[in-house]
Amino acid sequence: MPKVSIIVPVHNTEPYLRACVDSLLGQTLSDIEIVLVENCSTDNSLALCYELAKSDSRIKVLSIDKADLSTARNEGVKVATGEYVAFVDSDDVVETDFCEQLYTAAKTHDADLAYCQALLVKKGQTVALDNPVIESGMFSGKKRSFFLTHYTTLFVSFIYRRVLLEKYAISFPSTRSAEDSYFLTCALLATKRIACIDKPLYNYLVHDESLSEMRNPKRYQDKIQSFDLLMQF
């Protein structure tokens with residue numbers, strides 16, 4: 001069983017994908033698997049996925065025919081075999097010790113979740129995306145309440161114990177906005193123990209075509225639907 005499975009949804013990110021995968025193949029923790037979930041790209045992303053897979057046996061390629069992030073991530077989790085699951089967007093990069101630091105912290109504290117800090121990089125400008133720094137260990141009461149009301153929504157800066165996701169049937173909803181907030185909040189509500197690495201190990205790269213840069217009324221309707229689902233959870 002790999003220590004960490006890294007799910008990478010791929011949709012029309014050919015210009016950025018190689019750098020992303022290179023940052024994963026260069027991890028100081030070598031016992032990982034990388035699941036590239038290609039979903040309906042119209043560029044050469046799928047061909048590049050297979051090319052990259054030939055270079056390293058730790059890379060799996062899964063091609064699906066539904067072009068949305070939630071489905072891609074959920075399908076990636078289904079085929080993941082790692083003890084913990086991580087999510088990395090295909091136009092982002094992580095530091096070389098991203099997996100090792102988070103996995104070591106999770107094992108040290110027997111944590112269901114381990115998280116780090118992140119950096120947002122946009123047009124040459126870098127902004128810190130910091131989650132609250134809390135003591136690693138038990139996650140309940142005031143500590144949980146404080147974290148839930150102060151954390152950023154960058155769910156990719158966490159790793160998740162895979163059996164936790166299975167036990168509580170935590171997956172990404174079909175909504176196309178706030179689906180990451182839903183997923184992370186459900187995991188934070190379910191976890192009993194957490195681990196913190198107060199270092200920026202994830203680099204969130206924002207481009208003009210990034211989904212996070214797009215605004216339309218449907219996105220805000222989806223946000224409401226996601227939070228309705230969260231209340232049900």
# chains A, B, ... in the order shown; residues from 1 in each chain; ligands from 1
>>> residues_around(residues="segment 17-19 of chain A", least_positions_apart="4", cutoff="6 Å", atoms="only C-alpha atoms", output="list in words")
Thr13, Ser90 and Asp91 of chain A
>>> residues_around(residues="segment 41-52 of chain A", least_positions_apart="3", cutoff="9 Å", atoms="only C-alpha atoms", output="NGL selection string")
:A and (10-15 or 17-18 or 21 or 36-38 or 55-56 or 59-61 or 63 or 67)
>>> write_last_selection(atoms="C-alpha atoms", output="tab-separated table (two decimals), in the first residue's frame")
chain	number	residue	atom	x	y	z
A	10	VAL	CA	-6.54	17.05	-15.72
A	11	HIS	CA	-8.62	19.19	-18.07
A	12	ASN	CA	-6.94	21.29	-20.78
A	13	THR	CA	-3.85	21.97	-18.68
A	14	GLU	CA	-1.21	20.71	-21.11
A	15	PRO	CA	1.04	23.79	-20.65
A	17	LEU	CA	0.91	19.47	-16.40
A	18	ARG	CA	4.55	18.45	-16.80
A	21	VAL	CA	3.90	16.00	-12.26
A	36	LEU	CA	-3.94	11.45	-13.33
A	37	VAL	CA	-7.67	11.72	-14.03
A	38	GLU	CA	-8.09	13.13	-17.52
A	55	SER	CA	8.33	7.45	-17.38
A	56	ASP	CA	7.37	6.21	-13.91
A	59	ILE	CA	1.71	7.10	-12.31
A	60	LYS	CA	-1.77	5.78	-13.18
A	61	VAL	CA	-3.91	7.32	-15.90
A	63	SER	CA	-9.71	8.78	-18.55
A	67	ALA	CA	-15.83	17.19	-17.65
>>> residues_around(residues="Cys99 of chain A", least_positions_apart="2", cutoff="9 Å", atoms="only C-alpha atoms", output="PyMOL selection string")
chain A and resi 3-4+24+27-30+32+86+94-97+101-104+159
>>> write_last_selection(atoms="C-alpha atoms", output="compact mmCIF listing (two decimals), in the first residue's frame")
# COMPACT_ATOMS: atom_id res chain seq x y z
CA LYS A 3 1.72 5.89 1.87
CA VAL A 4 0.03 8.67 -0.13
CA LEU A 24 5.27 15.06 -7.55
CA GLN A 27 8.96 14.07 -3.71
CA THR A 28 11.35 13.07 -0.92
CA LEU A 29 8.72 10.50 0.07
CA SER A 30 9.01 8.00 -2.77
CA ILE A 32 3.46 7.38 -3.40
CA ALA A 86 -3.93 14.15 -1.41
CA VAL A 94 4.15 21.41 -4.52
CA GLU A 95 7.39 21.57 -2.57
CA THR A 96 9.59 18.46 -2.69
CA ASP A 97 8.82 17.54 0.94
CA GLN A 101 6.19 16.33 5.98
CA LEU A 102 2.43 15.81 5.95
CA TYR A 103 2.62 12.01 6.10
CA THR A 104 5.18 12.05 8.92
CA ILE A 159 -3.94 15.00 3.22
>>> select_by_dssp(residues="segment 6-60 of chain A", states="strand (DSSP E or B)", output="list of chain:residue names")
A:Ile6, A:Ile7, A:Val8, A:Pro9, A:Val10, A:Ile32, A:Glu33, A:Ile34, A:Val35, A:Leu36, A:Val37, A:Glu38, A:Asn39, A:Ile59, A:Lys60
>>> residues_around(residues="segment 202-208 of chain A", least_positions_apart="6", cutoff="6 Å", atoms="only C-alpha atoms", output="ChimeraX atom specification")
/A:92-94,118-122
>>> closest_residue(among="A:Gly76, A:Pro200, A:Gly26, A:Pro2", to="Val127 of chain A", atoms="only C-alpha atoms")
A:Pro200
>>> select_by_dssp(residues="segment 14-119 of chain A", states="alpha helix (DSSP H)", output="PyMOL selection string")
chain A and resi 14-25+45-55+69-79+98-108
>>> write_last_selection(atoms="C-alpha atoms", output="PDB file, in the first residue's frame")
ATOM      1  CA  GLU A  14      -1.210  20.712 -21.110  1.00  0.00           C
ATOM      2  CA  PRO A  15       1.042  23.793 -20.650  1.00  0.00           C
ATOM      3  CA  TYR A  16       1.274  23.232 -16.875  1.00  0.00           C
ATOM      4  CA  LEU A  17       0.909  19.474 -16.399  1.00  0.00           C
ATOM      5  CA  ARG A  18       4.546  18.445 -16.803  1.00  0.00           C
ATOM      6  CA  ALA A  19       5.735  20.892 -14.140  1.00  0.00           C
ATOM      7  CA  CYS A  20       3.010  19.665 -11.803  1.00  0.00           C
ATOM      8  CA  VAL A  21       3.904  16.002 -12.256  1.00  0.00           C
ATOM      9  CA  ASP A  22       7.630  16.727 -12.015  1.00  0.00           C
ATOM     10  CA  SER A  23       7.023  18.283  -8.592  1.00  0.00           C
ATOM     11  CA  LEU A  24       5.274  15.061  -7.547  1.00  0.00           C
ATOM     12  CA  LEU A  25       7.859  12.680  -8.974  1.00  0.00           C
ATOM     13  CA  SER A  45      -3.426  16.629 -22.112  1.00  0.00           C
ATOM     14  CA  LEU A  46      -4.445  12.962 -22.447  1.00  0.00           C
ATOM     15  CA  ALA A  47      -1.474  12.100 -24.656  1.00  0.00           C
ATOM     16  CA  LEU A  48       0.812  13.863 -22.209  1.00  0.00           C
ATOM     17  CA  CYS A  49      -0.686  11.882 -19.309  1.00  0.00           C
ATOM     18  CA  TYR A  50       0.202   8.605 -21.028  1.00  0.00           C
ATOM     19  CA  GLU A  51       3.650   9.907 -21.929  1.00  0.00           C
ATOM     20  CA  LEU A  52       4.321  10.804 -18.300  1.00  0.00           C
ATOM     21  CA  ALA A  53       2.992   7.432 -17.111  1.00  0.00           C
ATOM     22  CA  LYS A  54       5.560   5.647 -19.263  1.00  0.00           C
ATOM     23  CA  SER A  55       8.325   7.448 -17.383  1.00  0.00           C
ATOM     24  CA  LEU A  69     -13.749  18.459 -11.173  1.00  0.00           C
ATOM     25  CA  SER A  70     -15.960  16.704  -8.649  1.00  0.00           C
ATOM     26  CA  THR A  71     -16.378  13.602 -10.806  1.00  0.00           C
ATOM     27  CA  ALA A  72     -12.673  13.531 -11.633  1.00  0.00           C
ATOM     28  CA  ARG A  73     -11.659  13.735  -7.985  1.00  0.00           C
ATOM     29  CA  ASN A  74     -14.231  11.164  -6.876  1.00  0.00           C
ATOM     30  CA  GLU A  75     -13.164   8.702  -9.571  1.00  0.00           C
ATOM     31  CA  GLY A  76      -9.543   9.218  -8.566  1.00  0.00           C
ATOM     32  CA  VAL A  77     -10.327   8.378  -4.944  1.00  0.00           C
ATOM     33  CA  LYS A  78     -12.099   5.189  -6.052  1.00  0.00           C
ATOM     34  CA  VAL A  79      -8.930   3.802  -7.636  1.00  0.00           C
ATOM     35  CA  PHE A  98       5.044  18.138   0.707  1.00  0.00           C
ATOM     36  CA  CYS A  99       4.163  14.445   1.072  1.00  0.00           C
ATOM     37  CA  GLU A 100       6.899  13.532   3.527  1.00  0.00           C
ATOM     38  CA  GLN A 101       6.192  16.329   5.976  1.00  0.00           C
ATOM     39  CA  LEU A 102       2.431  15.806   5.953  1.00  0.00           C
ATOM     40  CA  TYR A 103       2.616  12.009   6.103  1.00  0.00           C
ATOM     41  CA  THR A 104       5.176  12.053   8.917  1.00  0.00           C
ATOM     42  CA  ALA A 105       3.052  14.519  10.911  1.00  0.00           C
ATOM     43  CA  ALA A 106      -0.076  12.436  10.342  1.00  0.00           C
ATOM     44  CA  LYS A 107       1.618   9.225  11.500  1.00  0.00           C
ATOM     45  CA  THR A 108       3.306  10.912  14.465  1.00  0.00           C
TER      46      THR A 108
END
>>> atom_distance(atom1="atom CA of Gln232 of chain A", atom2="atom CA of Ile170 of chain A")
12.3 Å
>>> atom_distance(atom1="atom CA of Gln117 of chain A", atom2="atom CA of Lys142 of chain A")
21.2 Å
>>> atom_distance(atom1="atom CA of Asn131 of chain A", atom2="atom CA of Ile197 of chain A")
10.0 Å
>>> residues_around(residues="Asp112 of chain A", least_positions_apart="6", cutoff="9 Å", atoms="only C-alpha atoms", output="list in words")
Tyr84, Ala106, Ile159, Tyr160, Arg161, Arg162, Val163, Leu164, Ala187, Ala190, Thr191, Lys192, Arg193, Ile194 and Ala195 of chain A
>>> write_last_selection(atoms="all heavy atoms", output="tab-separated table (two decimals), in the first residue's frame")
chain	number	residue	atom	x	y	z
A	84	TYR	N	-3.16	7.48	2.80
A	84	TYR	CA	-3.70	8.83	2.80
A	84	TYR	C	-3.91	9.28	1.36
A	84	TYR	O	-3.27	8.77	0.43
A	84	TYR	CB	-2.76	9.82	3.51
A	84	TYR	CG	-2.75	9.67	5.01
A	84	TYR	CD1	-1.95	8.71	5.62
A	84	TYR	CD2	-3.54	10.47	5.83
A	84	TYR	CE1	-1.94	8.54	7.00
A	84	TYR	CE2	-3.54	10.32	7.21
A	84	TYR	CZ	-2.74	9.35	7.79
A	84	TYR	OH	-2.74	9.19	9.16
A	106	ALA	N	1.15	13.22	10.15
A	106	ALA	CA	-0.08	12.44	10.34
A	106	ALA	C	0.21	11.17	11.13
A	106	ALA	O	-0.53	10.82	12.06
A	106	ALA	CB	-0.69	12.09	8.98
A	159	ILE	N	-3.84	16.39	3.62
A	159	ILE	CA	-3.94	15.00	3.22
A	159	ILE	C	-4.99	14.35	4.13
A	159	ILE	O	-5.18	14.76	5.28
A	159	ILE	CB	-2.61	14.23	3.27
A	159	ILE	CG1	-2.06	14.13	4.70
A	159	ILE	CG2	-1.59	14.87	2.33
A	159	ILE	CD1	-0.85	13.19	4.81
A	160	TYR	N	-5.69	13.34	3.58
A	160	TYR	CA	-6.85	12.75	4.24
A	160	TYR	C	-6.65	11.25	4.39
A	160	TYR	O	-6.32	10.57	3.41
A	160	TYR	CB	-8.11	13.01	3.40
A	160	TYR	CG	-8.33	14.45	3.03
A	160	TYR	CD1	-7.62	15.05	1.98
A	160	TYR	CD2	-9.26	15.23	3.72
A	160	TYR	CE1	-7.83	16.38	1.63
A	160	TYR	CE2	-9.48	16.56	3.37
A	160	TYR	CZ	-8.75	17.13	2.34
A	160	TYR	OH	-8.96	18.45	2.00
A	161	ARG	N	-6.89	10.72	5.58
A	161	ARG	CA	-6.85	9.27	5.74
A	161	ARG	C	-7.97	8.66	4.88
A	161	ARG	O	-9.14	9.02	5.03
A	161	ARG	CB	-7.02	8.88	7.20
A	161	ARG	CG	-6.48	7.46	7.50
A	161	ARG	CD	-6.96	6.94	8.83
A	161	ARG	NE	-6.59	7.72	9.98
A	161	ARG	CZ	-5.49	7.51	10.76
A	161	ARG	NH1	-4.66	6.55	10.44
A	161	ARG	NH2	-5.28	8.27	11.82
A	162	ARG	N	-7.60	7.74	4.01
A	162	ARG	CA	-8.57	7.23	3.05
A	162	ARG	C	-9.75	6.52	3.72
A	162	ARG	O	-10.89	6.64	3.28
A	162	ARG	CB	-7.88	6.30	2.05
A	162	ARG	CG	-8.76	5.85	0.89
A	162	ARG	CD	-7.93	5.32	-0.27
A	162	ARG	NE	-7.06	4.24	0.14
A	162	ARG	CZ	-7.40	2.95	0.16
A	162	ARG	NH1	-8.62	2.58	-0.20
A	162	ARG	NH2	-6.53	2.02	0.54
A	163	VAL	N	-9.48	5.80	4.80
A	163	VAL	CA	-10.57	5.07	5.46
A	163	VAL	C	-11.56	6.04	6.10
A	163	VAL	O	-12.73	5.69	6.29
A	163	VAL	CB	-10.04	4.07	6.50
A	163	VAL	CG1	-9.25	2.95	5.83
A	163	VAL	CG2	-9.22	4.76	7.57
A	164	LEU	N	-11.12	7.25	6.46
A	164	LEU	CA	-12.05	8.26	7.00
A	164	LEU	C	-13.06	8.65	5.92
A	164	LEU	O	-14.26	8.75	6.19
A	164	LEU	CB	-11.28	9.49	7.48
A	164	LEU	CG	-12.16	10.63	8.00
A	164	LEU	CD1	-12.54	10.37	9.45
A	164	LEU	CD2	-11.45	11.98	7.88
A	187	ALA	N	-14.85	16.64	6.13
A	187	ALA	CA	-13.71	15.92	6.70
A	187	ALA	C	-13.33	16.50	8.06
A	187	ALA	O	-13.01	15.76	9.00
A	187	ALA	CB	-12.52	15.98	5.75
A	190	ALA	N	-15.69	15.25	10.65
A	190	ALA	CA	-15.59	13.82	10.93
A	190	ALA	C	-14.32	13.43	11.67
A	190	ALA	O	-14.31	12.45	12.42
A	190	ALA	CB	-15.69	13.03	9.63
A	191	THR	N	-13.25	14.19	11.48
A	191	THR	CA	-11.96	13.78	12.03
A	191	THR	C	-11.89	13.92	13.55
A	191	THR	O	-12.50	14.82	14.13
A	191	THR	CB	-10.82	14.57	11.38
A	191	THR	OG1	-9.56	14.00	11.77
A	191	THR	CG2	-10.84	16.02	11.83
A	192	LYS	N	-11.15	13.02	14.15
A	192	LYS	CA	-10.93	13.05	15.60
A	192	LYS	C	-9.57	13.63	15.97
A	192	LYS	O	-9.39	14.17	17.06
A	192	LYS	CB	-11.04	11.64	16.18
A	192	LYS	CG	-12.38	10.95	15.92
A	192	LYS	CD	-13.52	11.67	16.61
A	192	LYS	CE	-14.81	10.85	16.56
A	192	LYS	NZ	-15.31	10.66	15.18
A	193	ARG	N	-8.61	13.49	15.05
A	193	ARG	CA	-7.25	13.96	15.32
A	193	ARG	C	-6.70	14.63	14.07
A	193	ARG	O	-7.00	14.22	12.95
A	193	ARG	CB	-6.33	12.79	15.74
A	193	ARG	CG	-6.79	12.08	17.02
A	193	ARG	CD	-5.84	10.95	17.39
A	193	ARG	NE	-4.49	11.44	17.71
A	193	ARG	CZ	-4.13	11.90	18.90
A	193	ARG	NH1	-5.01	11.93	19.91
A	193	ARG	NH2	-2.90	12.33	19.12
A	194	ILE	N	-5.88	15.68	14.28
A	194	ILE	CA	-5.37	16.48	13.18
A	194	ILE	C	-3.90	16.79	13.43
A	194	ILE	O	-3.45	16.78	14.58
A	194	ILE	CB	-6.21	17.77	13.02
A	194	ILE	CG1	-5.99	18.42	11.66
A	194	ILE	CG2	-5.92	18.75	14.16
A	194	ILE	CD1	-7.00	19.53	11.35
A	195	ALA	N	-3.17	17.06	12.36
A	195	ALA	CA	-1.75	17.43	12.49
A	195	ALA	C	-1.48	18.67	11.64
A	195	ALA	O	-2.04	18.83	10.55
A	195	ALA	CB	-0.85	16.28	12.05
